[in-house]
$ cat my_file15.cif   # mmCIF, N, CA and C atoms
data_entry
loop_
_atom_site.label_atom_id
_atom_site.label_comp_id
_atom_site.auth_asym_id
_atom_site.auth_seq_id
_atom_site.Cartn_x
_atom_site.Cartn_y
_atom_site.Cartn_z
N MET A 1 -39.45 -2.37 -7.08
CA MET A 1 -38.48 -3.45 -7.03
C MET A 1 -37.59 -3.45 -8.27
N ALA A 2 -38.16 -3.25 -9.44
CA ALA A 2 -37.39 -3.26 -10.69
C ALA A 2 -36.39 -2.11 -10.72
N ILE A 3 -36.73 -0.98 -10.17
CA ILE A 3 -35.82 0.18 -10.14
C ILE A 3 -34.61 -0.13 -9.28
N LYS A 4 -34.80 -0.79 -8.15
CA LYS A 4 -33.68 -1.17 -7.29
C LYS A 4 -32.76 -2.15 -8.00
N GLN A 5 -33.33 -3.10 -8.73
CA GLN A 5 -32.51 -4.06 -9.46
C GLN A 5 -31.72 -3.39 -10.58
N ILE A 6 -32.36 -2.48 -11.28
CA ILE A 6 -31.67 -1.75 -12.35
C ILE A 6 -30.55 -0.90 -11.76
N PHE A 7 -30.82 -0.23 -10.64
CA PHE A 7 -29.80 0.58 -9.99
C PHE A 7 -28.63 -0.29 -9.54
N PHE A 8 -28.93 -1.43 -8.92
CA PHE A 8 -27.89 -2.34 -8.45
C PHE A 8 -27.05 -2.85 -9.61
N LEU A 9 -27.68 -3.28 -10.69
CA LEU A 9 -26.96 -3.76 -11.86
C LEU A 9 -26.13 -2.65 -12.50
N SER A 10 -26.64 -1.44 -12.52
CA SER A 10 -25.89 -0.30 -13.06
C SER A 10 -24.64 -0.03 -12.22
N CYS A 11 -24.78 -0.11 -10.91
CA CYS A 11 -23.62 0.09 -10.02
C CYS A 11 -22.58 -1.00 -10.24
N LEU A 12 -23.02 -2.25 -10.38
CA LEU A 12 -22.08 -3.34 -10.64
C LEU A 12 -21.35 -3.14 -11.96
N LEU A 13 -22.07 -2.73 -12.99
CA LEU A 13 -21.47 -2.50 -14.30
C LEU A 13 -20.46 -1.35 -14.22
N LEU A 14 -20.79 -0.30 -13.52
CA LEU A 14 -19.87 0.83 -13.36
C LEU A 14 -18.61 0.40 -12.61
N LEU A 15 -18.77 -0.37 -11.56
CA LEU A 15 -17.63 -0.86 -10.80
C LEU A 15 -16.76 -1.77 -11.65
N TRP A 16 -17.36 -2.66 -12.42
CA TRP A 16 -16.61 -3.55 -13.30
C TRP A 16 -15.83 -2.75 -14.34
N ASN A 17 -16.44 -1.72 -14.91
CA ASN A 17 -15.74 -0.88 -15.90
C ASN A 17 -14.56 -0.16 -15.29
N CYS A 18 -14.71 0.32 -14.07
CA CYS A 18 -13.60 1.01 -13.39
C CYS A 18 -12.46 0.04 -13.13
N MET A 19 -12.79 -1.17 -12.70
CA MET A 19 -11.74 -2.14 -12.42
C MET A 19 -11.07 -2.60 -13.71
N ALA A 20 -11.82 -2.75 -14.77
CA ALA A 20 -11.26 -3.20 -16.04
C ALA A 20 -10.38 -2.14 -16.68
N ALA A 21 -10.60 -0.87 -16.36
CA ALA A 21 -9.84 0.21 -16.97
C ALA A 21 -8.42 0.27 -16.45
N GLN A 22 -8.17 -0.25 -15.26
CA GLN A 22 -6.82 -0.21 -14.70
C GLN A 22 -5.99 -1.34 -15.28
N PRO A 23 -4.88 -1.01 -15.94
CA PRO A 23 -4.06 -2.07 -16.54
C PRO A 23 -3.28 -2.85 -15.48
N SER A 24 -2.72 -3.94 -15.92
CA SER A 24 -1.89 -4.77 -15.04
C SER A 24 -0.61 -4.03 -14.68
N PHE A 25 -0.12 -4.28 -13.49
CA PHE A 25 1.16 -3.68 -13.09
C PHE A 25 2.33 -4.54 -13.52
N GLU A 26 2.05 -5.71 -14.11
CA GLU A 26 3.12 -6.57 -14.59
C GLU A 26 3.79 -5.94 -15.81
N GLY A 27 5.10 -6.18 -15.95
CA GLY A 27 5.83 -5.67 -17.10
C GLY A 27 7.09 -4.94 -16.68
N LYS A 28 7.64 -4.18 -17.62
CA LYS A 28 8.86 -3.42 -17.38
C LYS A 28 8.52 -1.95 -17.17
N TRP A 29 9.10 -1.38 -16.11
CA TRP A 29 8.86 0.01 -15.73
C TRP A 29 10.21 0.69 -15.57
N TYR A 30 10.30 1.96 -15.98
CA TYR A 30 11.58 2.68 -15.92
C TYR A 30 11.33 4.13 -15.53
N GLY A 31 12.25 4.67 -14.74
CA GLY A 31 12.13 6.07 -14.33
C GLY A 31 13.24 6.47 -13.39
N THR A 32 12.86 7.09 -12.27
CA THR A 32 13.84 7.60 -11.32
C THR A 32 13.48 7.22 -9.89
N ILE A 33 14.52 7.26 -9.07
CA ILE A 33 14.37 7.05 -7.64
C ILE A 33 15.25 8.09 -6.94
N THR A 34 14.77 8.65 -5.85
CA THR A 34 15.56 9.60 -5.08
C THR A 34 16.06 8.93 -3.80
N GLN A 35 17.12 9.50 -3.22
CA GLN A 35 17.64 9.00 -1.95
C GLN A 35 17.99 10.17 -1.05
N TYR A 36 17.40 10.16 0.16
CA TYR A 36 17.69 11.19 1.15
C TYR A 36 17.87 10.50 2.49
N PRO A 37 18.67 10.95 3.40
CA PRO A 37 19.43 12.19 3.34
C PRO A 37 20.79 12.07 2.68
N ARG A 38 21.32 10.84 2.54
CA ARG A 38 22.65 10.74 1.94
C ARG A 38 22.77 9.49 1.11
N GLY A 39 23.77 9.48 0.25
CA GLY A 39 24.01 8.34 -0.61
C GLY A 39 25.06 8.72 -1.63
N ILE A 40 25.29 7.87 -2.60
CA ILE A 40 26.23 8.18 -3.67
C ILE A 40 25.73 9.41 -4.43
N ASP A 41 24.41 9.51 -4.59
CA ASP A 41 23.76 10.59 -5.32
C ASP A 41 22.39 10.80 -4.69
N THR A 42 21.63 11.78 -5.16
CA THR A 42 20.27 11.96 -4.66
C THR A 42 19.23 11.54 -5.69
N LEU A 43 19.62 11.41 -6.96
CA LEU A 43 18.70 11.00 -8.02
C LEU A 43 19.38 9.93 -8.87
N TYR A 44 18.68 8.80 -9.06
CA TYR A 44 19.22 7.67 -9.81
C TYR A 44 18.25 7.25 -10.90
N GLU A 45 18.76 6.59 -11.92
CA GLU A 45 17.91 5.88 -12.87
C GLU A 45 17.44 4.61 -12.16
N PHE A 46 16.20 4.20 -12.41
CA PHE A 46 15.66 3.05 -11.71
C PHE A 46 14.68 2.31 -12.59
N GLY A 47 14.71 1.00 -12.54
CA GLY A 47 13.78 0.19 -13.31
C GLY A 47 13.29 -1.00 -12.51
N VAL A 48 12.10 -1.45 -12.84
CA VAL A 48 11.50 -2.61 -12.18
C VAL A 48 10.92 -3.52 -13.26
N ASN A 49 11.22 -4.79 -13.18
CA ASN A 49 10.63 -5.80 -14.04
C ASN A 49 9.74 -6.67 -13.17
N LEU A 50 8.42 -6.53 -13.32
CA LEU A 50 7.44 -7.18 -12.45
C LEU A 50 6.77 -8.36 -13.13
N GLU A 51 6.68 -9.47 -12.41
CA GLU A 51 5.93 -10.65 -12.86
C GLU A 51 5.13 -11.19 -11.69
N MET A 52 3.96 -11.74 -11.99
CA MET A 52 3.18 -12.44 -10.98
C MET A 52 3.33 -13.93 -11.26
N ILE A 53 3.93 -14.66 -10.33
CA ILE A 53 4.15 -16.10 -10.49
C ILE A 53 3.51 -16.81 -9.30
N ASP A 54 2.50 -17.61 -9.57
CA ASP A 54 1.77 -18.34 -8.53
C ASP A 54 1.30 -17.43 -7.41
N GLY A 55 0.79 -16.26 -7.77
CA GLY A 55 0.24 -15.33 -6.79
C GLY A 55 1.26 -14.50 -6.04
N VAL A 56 2.54 -14.62 -6.40
CA VAL A 56 3.60 -13.86 -5.73
C VAL A 56 4.27 -12.94 -6.75
N LEU A 57 4.43 -11.68 -6.39
CA LEU A 57 5.16 -10.76 -7.25
C LEU A 57 6.65 -11.08 -7.17
N GLN A 58 7.29 -11.20 -8.31
CA GLN A 58 8.71 -11.48 -8.38
C GLN A 58 9.31 -10.68 -9.52
N GLY A 59 10.63 -10.54 -9.48
CA GLY A 59 11.30 -9.86 -10.57
C GLY A 59 12.63 -9.30 -10.13
N SER A 60 12.99 -8.20 -10.80
CA SER A 60 14.27 -7.57 -10.50
C SER A 60 14.14 -6.06 -10.58
N THR A 61 15.02 -5.39 -9.85
CA THR A 61 15.14 -3.94 -9.92
C THR A 61 16.50 -3.61 -10.50
N TYR A 62 16.61 -2.45 -11.11
CA TYR A 62 17.85 -1.97 -11.69
C TYR A 62 18.05 -0.55 -11.20
N ILE A 63 19.27 -0.24 -10.75
CA ILE A 63 19.59 1.11 -10.29
C ILE A 63 20.92 1.53 -10.88
N ALA A 64 21.03 2.79 -11.25
CA ALA A 64 22.28 3.31 -11.81
C ALA A 64 22.43 4.78 -11.43
N THR A 65 23.67 5.19 -11.20
CA THR A 65 23.93 6.60 -10.93
C THR A 65 23.69 7.39 -12.20
N ARG A 66 23.28 8.63 -12.04
CA ARG A 66 23.04 9.49 -13.19
C ARG A 66 24.28 10.34 -13.50
N ALA A 67 25.24 10.30 -12.61
CA ALA A 67 26.49 11.03 -12.82
C ALA A 67 27.38 10.23 -13.78
N ASP A 68 28.57 10.69 -14.00
CA ASP A 68 29.50 10.02 -14.91
C ASP A 68 30.21 8.84 -14.25
N LEU A 69 29.69 8.35 -13.15
CA LEU A 69 30.37 7.30 -12.40
C LEU A 69 30.20 5.91 -13.01
N ASP A 70 29.14 5.70 -13.77
CA ASP A 70 28.86 4.40 -14.38
C ASP A 70 28.78 3.29 -13.34
N TRP A 71 28.09 3.55 -12.23
CA TRP A 71 27.87 2.55 -11.20
C TRP A 71 26.43 2.08 -11.34
N TRP A 72 26.21 0.77 -11.26
CA TRP A 72 24.88 0.22 -11.42
C TRP A 72 24.76 -1.11 -10.69
N GLY A 73 23.53 -1.53 -10.47
CA GLY A 73 23.28 -2.81 -9.83
C GLY A 73 21.92 -3.36 -10.21
N LYS A 74 21.78 -4.67 -10.12
CA LYS A 74 20.52 -5.35 -10.39
C LYS A 74 20.25 -6.30 -9.23
N MET A 75 19.04 -6.20 -8.64
CA MET A 75 18.67 -7.02 -7.48
C MET A 75 17.37 -7.76 -7.73
N SER A 76 17.25 -8.91 -7.12
CA SER A 76 15.99 -9.65 -7.18
C SER A 76 15.04 -9.07 -6.13
N PHE A 77 13.76 -9.36 -6.29
CA PHE A 77 12.79 -8.98 -5.26
C PHE A 77 11.64 -9.97 -5.25
N THR A 78 10.93 -9.99 -4.15
CA THR A 78 9.63 -10.65 -4.04
C THR A 78 8.69 -9.63 -3.41
N GLY A 79 7.41 -9.86 -3.59
CA GLY A 79 6.48 -8.90 -3.04
C GLY A 79 5.05 -9.37 -3.08
N GLN A 80 4.18 -8.43 -2.76
CA GLN A 80 2.75 -8.72 -2.74
C GLN A 80 1.97 -7.47 -3.10
N GLU A 81 0.74 -7.70 -3.51
CA GLU A 81 -0.19 -6.61 -3.81
C GLU A 81 -1.29 -6.66 -2.76
N ASN A 82 -1.58 -5.50 -2.17
CA ASN A 82 -2.62 -5.44 -1.16
C ASN A 82 -3.43 -4.16 -1.37
N SER A 83 -4.68 -4.31 -1.73
CA SER A 83 -5.58 -3.18 -1.96
C SER A 83 -5.00 -2.16 -2.94
N GLY A 84 -4.39 -2.65 -3.99
CA GLY A 84 -3.86 -1.76 -5.02
C GLY A 84 -2.47 -1.23 -4.75
N GLU A 85 -1.89 -1.53 -3.59
CA GLU A 85 -0.52 -1.09 -3.29
C GLU A 85 0.42 -2.26 -3.38
N LEU A 86 1.54 -2.05 -4.08
CA LEU A 86 2.57 -3.08 -4.19
C LEU A 86 3.62 -2.87 -3.11
N GLU A 87 4.02 -3.94 -2.47
CA GLU A 87 5.13 -3.91 -1.52
C GLU A 87 6.17 -4.90 -2.02
N LEU A 88 7.31 -4.38 -2.46
CA LEU A 88 8.37 -5.20 -3.04
C LEU A 88 9.60 -5.09 -2.17
N THR A 89 10.19 -6.23 -1.80
CA THR A 89 11.38 -6.24 -0.94
C THR A 89 12.54 -6.84 -1.72
N GLU A 90 13.59 -6.03 -1.89
CA GLU A 90 14.76 -6.49 -2.62
C GLU A 90 15.53 -7.52 -1.79
N GLY A 91 16.14 -8.46 -2.52
CA GLY A 91 16.92 -9.51 -1.88
C GLY A 91 18.34 -9.52 -2.40
N GLU A 92 18.67 -10.58 -3.12
CA GLU A 92 20.02 -10.81 -3.60
C GLU A 92 20.44 -9.79 -4.66
N ILE A 93 21.70 -9.33 -4.57
CA ILE A 93 22.29 -8.54 -5.65
C ILE A 93 22.71 -9.53 -6.73
N LEU A 94 22.10 -9.42 -7.90
CA LEU A 94 22.35 -10.36 -8.98
C LEU A 94 23.63 -10.04 -9.73
N VAL A 95 23.87 -8.76 -9.97
CA VAL A 95 25.07 -8.29 -10.67
C VAL A 95 25.22 -6.80 -10.35
N GLN A 96 26.47 -6.33 -10.32
CA GLN A 96 26.69 -4.92 -10.02
C GLN A 96 28.04 -4.45 -10.52
N GLN A 97 28.14 -3.16 -10.71
CA GLN A 97 29.42 -2.51 -10.98
C GLN A 97 29.49 -1.31 -10.04
N ILE A 98 30.29 -1.45 -9.00
CA ILE A 98 30.39 -0.42 -7.97
C ILE A 98 31.71 -0.63 -7.23
N PRO A 99 32.38 0.43 -6.81
CA PRO A 99 33.64 0.24 -6.07
C PRO A 99 33.41 -0.48 -4.74
N GLY A 100 34.46 -1.11 -4.24
CA GLY A 100 34.39 -1.88 -3.01
C GLY A 100 33.99 -1.08 -1.78
N TYR A 101 34.24 0.22 -1.78
CA TYR A 101 33.92 1.04 -0.60
C TYR A 101 32.46 1.50 -0.60
N ALA A 102 31.71 1.24 -1.68
CA ALA A 102 30.32 1.67 -1.77
C ALA A 102 29.42 0.44 -1.81
N TYR A 103 28.13 0.63 -1.58
CA TYR A 103 27.18 -0.47 -1.64
C TYR A 103 25.79 0.07 -1.95
N TRP A 104 24.96 -0.81 -2.48
CA TRP A 104 23.57 -0.46 -2.78
C TRP A 104 22.70 -0.76 -1.57
N CYS A 105 21.76 0.11 -1.28
CA CYS A 105 20.79 -0.13 -0.22
C CYS A 105 19.79 -1.19 -0.68
N HIS A 106 19.54 -2.17 0.17
CA HIS A 106 18.43 -3.09 -0.08
C HIS A 106 17.17 -2.36 0.38
N LYS A 107 16.22 -2.26 -0.52
CA LYS A 107 15.06 -1.40 -0.29
C LYS A 107 13.77 -2.21 -0.20
N THR A 108 12.80 -1.66 0.50
CA THR A 108 11.42 -2.09 0.40
C THR A 108 10.68 -0.96 -0.31
N LEU A 109 10.06 -1.32 -1.44
CA LEU A 109 9.35 -0.34 -2.27
C LEU A 109 7.86 -0.42 -1.99
N TYR A 110 7.22 0.73 -1.92
CA TYR A 110 5.76 0.83 -1.77
C TYR A 110 5.25 1.61 -2.96
N LEU A 111 4.58 0.93 -3.88
CA LEU A 111 4.18 1.54 -5.15
C LEU A 111 2.68 1.41 -5.37
N ARG A 112 2.14 2.40 -6.07
CA ARG A 112 0.73 2.39 -6.44
C ARG A 112 0.62 2.74 -7.92
N LEU A 113 -0.27 2.06 -8.62
CA LEU A 113 -0.54 2.33 -10.03
C LEU A 113 -1.49 3.52 -10.11
N VAL A 114 -1.04 4.60 -10.77
CA VAL A 114 -1.79 5.85 -10.81
C VAL A 114 -1.93 6.30 -12.26
N GLN A 115 -3.11 6.80 -12.62
CA GLN A 115 -3.30 7.32 -13.96
C GLN A 115 -2.93 8.79 -13.99
N LYS A 116 -2.04 9.15 -14.93
CA LYS A 116 -1.61 10.54 -15.13
C LYS A 116 -1.94 10.90 -16.57
N GLY A 117 -3.01 11.62 -16.77
CA GLY A 117 -3.44 11.91 -18.13
C GLY A 117 -3.88 10.62 -18.79
N GLU A 118 -3.28 10.30 -19.93
CA GLU A 118 -3.65 9.09 -20.66
C GLU A 118 -2.74 7.91 -20.35
N LYS A 119 -1.73 8.09 -19.50
CA LYS A 119 -0.83 6.99 -19.20
C LYS A 119 -0.90 6.60 -17.73
N TRP A 120 -0.47 5.37 -17.48
CA TRP A 120 -0.40 4.85 -16.13
C TRP A 120 1.04 4.85 -15.66
N VAL A 121 1.25 5.21 -14.40
CA VAL A 121 2.60 5.22 -13.81
C VAL A 121 2.56 4.46 -12.49
N LEU A 122 3.72 3.96 -12.10
CA LEU A 122 3.90 3.42 -10.76
C LEU A 122 4.66 4.48 -9.98
N GLU A 123 4.11 4.87 -8.84
CA GLU A 123 4.82 5.85 -8.02
C GLU A 123 4.62 5.53 -6.56
N GLY A 124 5.56 6.02 -5.77
CA GLY A 124 5.49 5.76 -4.34
C GLY A 124 6.79 6.13 -3.66
N TYR A 125 7.16 5.32 -2.69
CA TYR A 125 8.35 5.62 -1.89
C TYR A 125 9.06 4.33 -1.52
N TRP A 126 10.25 4.46 -0.95
CA TRP A 126 11.01 3.30 -0.49
C TRP A 126 11.64 3.63 0.84
N GLU A 127 11.99 2.56 1.56
CA GLU A 127 12.69 2.67 2.84
C GLU A 127 13.77 1.60 2.90
N SER A 128 14.79 1.86 3.73
CA SER A 128 15.84 0.87 3.94
C SER A 128 16.33 0.97 5.37
N GLY A 129 16.36 -0.14 6.06
CA GLY A 129 16.86 -0.16 7.42
C GLY A 129 18.38 -0.20 7.50
N GLU A 130 19.03 -0.60 6.41
CA GLU A 130 20.48 -0.78 6.45
C GLU A 130 21.27 0.44 5.98
N CYS A 131 20.63 1.44 5.44
CA CYS A 131 21.35 2.59 4.87
C CYS A 131 21.07 3.86 5.65
N SER A 132 21.44 3.86 6.90
CA SER A 132 21.30 5.05 7.75
C SER A 132 19.91 5.67 7.64
N ARG A 133 18.92 4.81 7.67
CA ARG A 133 17.52 5.25 7.60
C ARG A 133 17.23 6.06 6.35
N SER A 134 17.88 5.73 5.27
CA SER A 134 17.62 6.41 4.00
C SER A 134 16.24 6.05 3.48
N ALA A 135 15.69 6.94 2.70
CA ALA A 135 14.40 6.75 2.07
C ALA A 135 14.34 7.66 0.85
N GLY A 136 13.29 7.53 0.08
CA GLY A 136 13.13 8.38 -1.08
C GLY A 136 11.85 8.08 -1.82
N THR A 137 11.71 8.72 -2.98
CA THR A 137 10.52 8.57 -3.80
C THR A 137 10.86 7.82 -5.09
N ILE A 138 9.82 7.29 -5.72
CA ILE A 138 9.98 6.51 -6.95
C ILE A 138 8.92 6.98 -7.95
N HIS A 139 9.33 7.16 -9.21
CA HIS A 139 8.40 7.47 -10.30
C HIS A 139 8.81 6.63 -11.51
N LEU A 140 7.90 5.77 -11.96
CA LEU A 140 8.21 4.84 -13.07
C LEU A 140 7.11 4.88 -14.12
N GLU A 141 7.52 4.75 -15.38
CA GLU A 141 6.57 4.64 -16.49
C GLU A 141 6.80 3.31 -17.19
N ARG A 142 5.71 2.76 -17.73
CA ARG A 142 5.80 1.47 -18.42
C ARG A 142 6.68 1.60 -19.66
N VAL A 143 7.53 0.59 -19.87
CA VAL A 143 8.39 0.53 -21.05
C VAL A 143 7.71 -0.37 -22.07
N ASN A 144 7.50 0.13 -23.27
CA ASN A 144 6.91 -0.69 -24.33
C ASN A 144 7.97 -1.62 -24.89
N THR A 145 7.65 -2.91 -24.88
CA THR A 145 8.62 -3.87 -25.41
C THR A 145 8.05 -4.60 -26.60
#

$ encode --input "my_file15.cif" --output "structure tokens"
Amino acid sequence: MAIKQIFFLSCLLLLWNCMAAQPSFEGKWYGTITQYPRGIDTLYEFGVNLEMIDGVLQGSTYIATRADLDWWGKMSFTGQENSGELELTEGEILVQQIPGYAYWCHKTLYLRLVQKGEKWVLEGYWESGECSRSAGTIHLERVNT
């Protein structure tokens, strides 16, 4: 009986250590986002500012062209975390610099916190129903502030 209890407690301690080792996904993240099959570009600078407020993920995303166009936008989002995966849906465009004939895709982001060596990254993919079925990948690293 004592061996079973020790084994059970050891498993609980191991599980707790694994869960404690994963940092929070809240904060500022910066990296790149791709867009296929078409768009202004195929690779953009991208950032996410994540906060958990009353159990709801909220914040803003930032996107900018990597070419010399100097086009950028900032959008609000809300989202949720489910089994370690974040689902963030962009809403209102808060501010932007882009010509009238172009527009930013409102995206739904699917991100997972992954350990790469000694650092943690958010990576995943996005989809948009309004941009000719465009989609792409996302890779973000935490920004130290």

$ select_by_dssp --input "my_file15.cif" --residues "chain A" --states "strand (DSSP E)" --output "JSON, numbers by chain"
{"A": [27, 28, 29, 30, 31, 32, 33, 34, 43, 44, 45, 46, 47, 48, 49, 50, 51, 52, 53, 56, 57, 58, 59, 60, 61, 62, 63, 64, 65, 72, 73, 74, 75, 76, 77, 78, 79, 80, 81, 82, 85, 86, 87, 88, 89, 90, 91, 92, 93, 94, 95, 96, 97, 108, 109, 110, 111, 112, 113, 114, 115, 116, 119, 120, 121, 122, 123, 124, 125, 126, 127, 135, 136, 137, 138, 139, 140, 141, 142]}

$ atom_distance --input "my_file15.cif" --atom1 "atom N of A:Gln96" --atom2 "atom N of A:Ile33"
18.1 Å

$ resolve_selection --input "my_file15.cif" --expression "the PyMOL selection byres ((chain A and resi 101-107) around 7)" --output "list in words"
Leu88, Thr89, Glu90, Gly91, Ile98, Pro99, Gly100, Thr108, Leu109, Trp126, Glu127, Ser128, Gly129, Glu130 and Cys131 of chain A

$ resolve_selection --input "my_file15.cif" --expression "the PyMOL selection byres ((chain A and resi 69-72) around 8)" --output "MDAnalysis selection string"
chainID A and resid 62:68 73:75 95:99

$ atom_distance --input "my_file15.cif" --atom1 "atom CA of A:Thr78" --atom2 "atom CA of A:Leu111"
13.4 Å

$ resolve_selection --input "my_file15.cif" --expression "the PyMOL selection byres ((chain A and resi 49-51) around 6.5)" --output "number ranges by chain"
A: 25-29, 47-48, 52-53, 56-62

$ atom_distance --input "my_file15.cif" --atom1 "atom CA of A:Gln35" --atom2 "atom CA of A:Glu141"
18.8 Å

$ closest_residue --input "my_file15.cif" --among "A:Ile138, A:Val143, A:Ile93, A:Glu123" --to "A:Thr32" --atoms "only N, CA and C atoms"
A:Ile138

$ decode --input "my_file15.cif" --residues "stretch 39-85 of chain A" --atoms "C-alpha atoms" --output "mmCIF file, in the first residue's frame"
data_model
loop_
_atom_site.group_PDB
_atom_site.id
_atom_site.type_symbol
_atom_site.label_atom_id
_atom_site.label_comp_id
_atom_site.auth_asym_id
_atom_site.auth_seq_id
_atom_site.Cartn_x
_atom_site.Cartn_y
_atom_site.Cartn_z
ATOM 1 C CA GLY A 39 -1.711 39.145 -50.496
ATOM 2 C CA ILE A 40 0.320 42.339 -50.405
ATOM 3 C CA ASP A 41 3.321 40.160 -49.496
ATOM 4 C CA THR A 42 3.989 36.580 -48.376
ATOM 5 C CA LEU A 43 5.989 37.402 -45.218
ATOM 6 C CA TYR A 44 5.098 40.132 -42.705
ATOM 7 C CA GLU A 45 6.317 41.379 -39.348
ATOM 8 C CA PHE A 46 3.748 40.399 -36.728
ATOM 9 C CA GLY A 47 3.211 41.010 -33.039
ATOM 10 C CA VAL A 48 0.692 40.010 -30.399
ATOM 11 C CA ASN A 49 0.057 41.655 -27.043
ATOM 12 C CA LEU A 50 -1.811 39.101 -24.890
ATOM 13 C CA GLU A 51 -3.668 39.711 -21.632
ATOM 14 C CA MET A 52 -6.052 37.544 -19.647
ATOM 15 C CA ILE A 53 -8.896 39.689 -18.287
ATOM 16 C CA ASP A 54 -11.667 37.977 -16.312
ATOM 17 C CA GLY A 55 -10.878 34.640 -17.950
ATOM 18 C CA VAL A 56 -10.954 36.032 -21.498
ATOM 19 C CA LEU A 57 -7.893 36.538 -23.683
ATOM 20 C CA GLN A 58 -7.780 40.092 -25.010
ATOM 21 C CA GLY A 59 -5.265 42.360 -26.643
ATOM 22 C CA SER A 60 -4.032 43.545 -29.978
ATOM 23 C CA THR A 61 -2.144 42.300 -33.004
ATOM 24 C CA TYR A 62 0.278 44.310 -35.122
ATOM 25 C CA ILE A 63 1.122 43.586 -38.753
ATOM 26 C CA ALA A 64 3.508 45.352 -41.119
ATOM 27 C CA THR A 65 4.891 44.721 -44.578
ATOM 28 C CA ARG A 66 8.556 43.806 -44.698
ATOM 29 C CA ALA A 67 9.035 45.557 -48.035
ATOM 30 C CA ASP A 68 9.709 49.275 -48.392
ATOM 31 C CA LEU A 69 5.971 49.989 -48.480
ATOM 32 C CA ASP A 70 5.665 51.067 -44.828
ATOM 33 C CA TRP A 71 2.140 49.658 -44.554
ATOM 34 C CA TRP A 72 0.992 48.534 -41.115
ATOM 35 C CA GLY A 73 -2.072 47.943 -38.987
ATOM 36 C CA LYS A 74 -3.121 47.250 -35.410
ATOM 37 C CA MET A 75 -6.260 45.227 -34.564
ATOM 38 C CA SER A 76 -8.022 44.231 -31.379
ATOM 39 C CA PHE A 77 -8.783 40.599 -30.611
ATOM 40 C CA THR A 78 -10.552 38.376 -28.130
ATOM 41 C CA GLY A 79 -9.921 34.721 -27.618
ATOM 42 C CA GLN A 80 -9.754 31.673 -25.457
ATOM 43 C CA GLU A 81 -7.342 28.990 -24.335
ATOM 44 C CA ASN A 82 -8.379 25.370 -24.708
ATOM 45 C CA SER A 83 -6.070 22.482 -23.784
ATOM 46 C CA GLY A 84 -2.974 24.596 -24.327
ATOM 47 C CA GLU A 85 -4.074 26.009 -27.696
#
